[in-house]
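Below you'll find the structure, written out as structure tokens, and then a few comments.
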Amino acid sequence: MLRIVAFYKPYGVLSSFAHEVRETDPPKRTLSEFGLPKGIYAAGRLDYASEGLLILTNDGQLIHRLTDPRYKLPKTYYVQVEGIPTEAALDQLRRGVVVKGYRSLPCQARQLKEAPALPPREKPITAHGPTAWLEIVLREGKKRQVRHMTAAVGLPTLRLVRVAVGPITLAGLAPGQWRDLSEAEREALRQATYYYRQAVR
């Protein structure tokens, strides 16, 4: 049976069901503690310190479409940064910044007028000055990309929450909760992956 699940990954949880523990590593929380259906896997990852939407499924083709950069499905993040962004810094993010020798693709970036309505994080944020919230929409997903991008323009990331993958959002979920996608959401996801694949041919 096809399963496509939206899961709100909390802070301090790996995006996998198992963790290979080395003698020097402390144990880490994994997806296995949240009662997710068996046989599904995450389509993409969020790093240990990031929060928000993971899509998990037993559909290998869908995992490919959600993770292959050729499809360029937009992913939306709310990002709390240390410092107040200038328009020049935002424009740098929009045009792309050099991260470890690679220039990120153009993206959408704007400052939010007020903090988004998010659940408090388990580990409180420590800031040494003023902070601001950004909305960043990417169509690529390299490792720790958002954190590297904001750091490159002088705005270190303090908190990172993915709130949408294409048409799928965190709506109705609290950290640690999951739900099966509705048939309408499944169809929207199929249409979105098809549309973005066609757009980049």
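Chain labels follow the order of the structure tokens: the first chain is A, the next B, and so on; residue numbering restarts at 1 in every chain, and ligands are counted from 1 in their shown order.
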### Message
Env of Gln92 in chain A: 10 Å cut, atoms = only C-alpha atoms, seq-sep filter 3 positions within chain, self excluded. Answer as number ranges by chain.
### Response
A: 86-89, 95-98, 106-107, 109, 149-150, 152-153
How would the residues just chosen look if you wrote them out with all heavy atoms as a compact mmCIF listing (two decimals), in the first residue's frame?
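The resulting file, out08.txt, is reproduced below:
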```txt
# COMPACT_ATOMS: atom_id res chain seq x y z
N THR A 86 20.42 43.61 5.81
CA THR A 86 20.28 44.76 4.92
C THR A 86 19.68 44.28 3.61
O THR A 86 19.69 43.08 3.30
CB THR A 86 21.64 45.40 4.65
OG1 THR A 86 22.48 44.43 3.98
CG2 THR A 86 22.33 45.83 5.96
N GLU A 87 19.20 45.21 2.82
CA GLU A 87 18.67 44.84 1.51
C GLU A 87 19.79 44.27 0.64
O GLU A 87 19.56 43.37 -0.17
CB GLU A 87 18.02 46.04 0.83
CG GLU A 87 17.25 45.69 -0.43
CD GLU A 87 16.13 44.67 -0.21
OE1 GLU A 87 15.53 44.66 0.88
OE2 GLU A 87 15.88 43.87 -1.13
N ALA A 88 21.01 44.76 0.83
CA ALA A 88 22.14 44.24 0.06
C ALA A 88 22.40 42.77 0.40
O ALA A 88 22.69 41.96 -0.49
CB ALA A 88 23.39 45.08 0.34
N ALA A 89 22.30 42.42 1.69
CA ALA A 89 22.52 41.03 2.09
C ALA A 89 21.43 40.13 1.52
O ALA A 89 21.70 39.02 1.03
CB ALA A 89 22.56 40.93 3.61
N ARG A 95 20.61 36.33 -5.36
CA ARG A 95 21.42 36.13 -6.57
C ARG A 95 22.28 34.88 -6.48
O ARG A 95 22.73 34.36 -7.49
CB ARG A 95 22.30 37.36 -6.82
CG ARG A 95 21.51 38.58 -7.28
CD ARG A 95 22.41 39.74 -7.66
NE ARG A 95 22.95 40.40 -6.47
CZ ARG A 95 24.21 40.33 -6.09
NH1 ARG A 95 25.08 39.63 -6.78
NH2 ARG A 95 24.63 40.97 -5.01
N GLY A 96 22.52 34.41 -5.26
CA GLY A 96 23.39 33.26 -5.06
C GLY A 96 24.68 33.67 -4.41
O GLY A 96 25.25 34.73 -4.72
N VAL A 97 25.16 32.86 -3.46
CA VAL A 97 26.41 33.13 -2.78
C VAL A 97 27.35 31.94 -2.95
O VAL A 97 26.90 30.82 -3.21
CB VAL A 97 26.19 33.42 -1.27
CG1 VAL A 97 25.35 34.67 -1.08
CG2 VAL A 97 25.54 32.22 -0.58
N VAL A 98 28.63 32.20 -2.82
CA VAL A 98 29.61 31.13 -2.97
C VAL A 98 29.76 30.40 -1.65
O VAL A 98 30.07 31.00 -0.62
CB VAL A 98 30.97 31.68 -3.44
CG1 VAL A 98 32.00 30.56 -3.50
CG2 VAL A 98 30.84 32.35 -4.80
N PRO A 106 20.03 31.03 -7.72
CA PRO A 106 19.15 32.11 -7.27
C PRO A 106 17.98 31.56 -6.46
O PRO A 106 17.48 30.46 -6.74
CB PRO A 106 18.68 32.75 -8.58
CG PRO A 106 19.78 32.44 -9.55
CD PRO A 106 20.27 31.07 -9.17
N CYS A 107 17.57 32.31 -5.45
CA CYS A 107 16.47 31.86 -4.59
C CYS A 107 15.61 33.06 -4.22
O CYS A 107 15.91 34.20 -4.57
CB CYS A 107 17.02 31.18 -3.33
SG CYS A 107 17.81 32.33 -2.18
N ALA A 109 14.27 35.33 -1.10
CA ALA A 109 14.64 35.64 0.28
C ALA A 109 14.01 36.96 0.68
O ALA A 109 14.11 37.94 -0.05
CB ALA A 109 16.16 35.72 0.43
N MET A 149 24.69 29.66 3.53
CA MET A 149 24.31 30.86 2.78
C MET A 149 24.17 32.08 3.69
O MET A 149 24.67 33.16 3.39
CB MET A 149 23.01 30.60 2.02
CG MET A 149 23.15 29.66 0.83
SD MET A 149 21.55 29.25 0.09
CE MET A 149 21.02 30.87 -0.52
N THR A 150 23.45 31.91 4.80
CA THR A 150 23.27 33.07 5.68
C THR A 150 24.59 33.49 6.31
O THR A 150 24.86 34.69 6.48
CB THR A 150 22.21 32.80 6.76
OG1 THR A 150 22.64 31.74 7.62
CG2 THR A 150 20.86 32.47 6.14
N ALA A 152 27.44 33.32 4.94
CA ALA A 152 28.24 33.98 3.90
C ALA A 152 27.89 35.46 3.77
O ALA A 152 28.71 36.25 3.28
CB ALA A 152 28.04 33.28 2.56
N VAL A 153 26.69 35.86 4.20
CA VAL A 153 26.31 37.29 4.13
C VAL A 153 26.30 37.92 5.52
O VAL A 153 25.69 38.97 5.73
CB VAL A 153 24.95 37.47 3.42
CG1 VAL A 153 25.02 36.98 1.98
CG2 VAL A 153 23.81 36.77 4.16
```
### Message
as a ChimeraX atom specification, please: every residue in range 9-186 of chain A that a backbone DSSP assignment puts in strand (DSSP E).
### Response
/A:9,41-42,51-57,75-82,98-99,102-103,108-111,131-138,157-165,168-169,178-180
Output file for the selection above: C-alpha atoms, as an mmCIF file, in the first residue's frame:
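out_13.cif, freshly written:
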```
data_model
loop_
_atom_site.group_PDB
_atom_site.id
_atom_site.type_symbol
_atom_site.label_atom_id
_atom_site.label_comp_id
_atom_site.auth_asym_id
_atom_site.auth_seq_id
_atom_site.Cartn_x
_atom_site.Cartn_y
_atom_site.Cartn_z
ATOM 1 C CA LYS A 9 10.883 16.650 12.722
ATOM 2 C CA TYR A 41 11.966 6.425 4.110
ATOM 3 C CA ALA A 42 12.700 10.145 4.192
ATOM 4 C CA GLU A 51 13.354 21.324 12.382
ATOM 5 C CA GLY A 52 10.299 21.013 10.225
ATOM 6 C CA LEU A 53 8.772 19.118 7.366
ATOM 7 C CA LEU A 54 10.033 15.740 6.250
ATOM 8 C CA ILE A 55 8.148 13.757 3.633
ATOM 9 C CA LEU A 56 8.484 10.001 4.037
ATOM 10 C CA THR A 57 7.187 7.396 1.618
ATOM 11 C CA LYS A 75 11.425 24.124 -0.358
ATOM 12 C CA THR A 76 10.452 26.921 2.027
ATOM 13 C CA TYR A 77 12.328 27.700 5.241
ATOM 14 C CA TYR A 78 11.830 30.102 8.126
ATOM 15 C CA VAL A 79 15.259 31.108 9.339
ATOM 16 C CA GLN A 80 16.076 33.016 12.524
ATOM 17 C CA VAL A 81 19.391 34.805 12.045
ATOM 18 C CA GLU A 82 21.676 36.772 14.310
ATOM 19 C CA VAL A 98 29.613 31.131 -2.973
ATOM 20 C CA VAL A 99 29.613 28.253 -0.499
ATOM 21 C CA TYR A 102 30.007 26.425 -5.281
ATOM 22 C CA ARG A 103 27.649 29.301 -6.134
ATOM 23 C CA GLN A 108 13.721 33.860 -2.945
ATOM 24 C CA ALA A 109 14.643 35.639 0.285
ATOM 25 C CA ARG A 110 12.768 38.211 2.332
ATOM 26 C CA GLN A 111 12.676 39.433 5.901
ATOM 27 C CA THR A 131 17.818 38.762 15.609
ATOM 28 C CA ALA A 132 15.524 38.639 12.600
ATOM 29 C CA TRP A 133 13.444 36.070 10.753
ATOM 30 C CA LEU A 134 13.843 35.368 7.047
ATOM 31 C CA GLU A 135 11.791 33.324 4.600
ATOM 32 C CA ILE A 136 14.037 31.544 2.112
ATOM 33 C CA VAL A 137 12.766 29.420 -0.787
ATOM 34 C CA LEU A 138 15.349 27.128 -2.413
ATOM 35 C CA THR A 157 21.553 30.961 11.467
ATOM 36 C CA LEU A 158 20.183 30.428 14.972
ATOM 37 C CA ARG A 159 17.070 28.418 14.148
ATOM 38 C CA LEU A 160 16.014 26.736 10.911
ATOM 39 C CA VAL A 161 12.528 25.359 10.235
ATOM 40 C CA ARG A 162 11.398 23.894 6.899
ATOM 41 C CA VAL A 163 7.732 24.765 6.582
ATOM 42 C CA ALA A 164 6.915 23.494 3.076
ATOM 43 C CA VAL A 165 8.084 21.136 0.337
ATOM 44 C CA ILE A 168 2.912 20.269 1.193
ATOM 45 C CA THR A 169 3.117 22.196 4.474
ATOM 46 C CA TRP A 178 2.907 12.917 11.522
ATOM 47 C CA ARG A 179 -0.031 12.386 9.198
ATOM 48 C CA ASP A 180 -0.762 10.614 5.928
#
```
### Task
Have a look at CA of Gly35 in chain A and CA of Asn58 in chain A and let me know their distance in Å, one decimal.
15.5 Å
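Between Ala117 in chain A and the residues A:Leu2, A:Val146, A:Leu170, A:Leu36, the shortest atom-to-atom distance, using only C-alpha atoms, involves A:Leu170.
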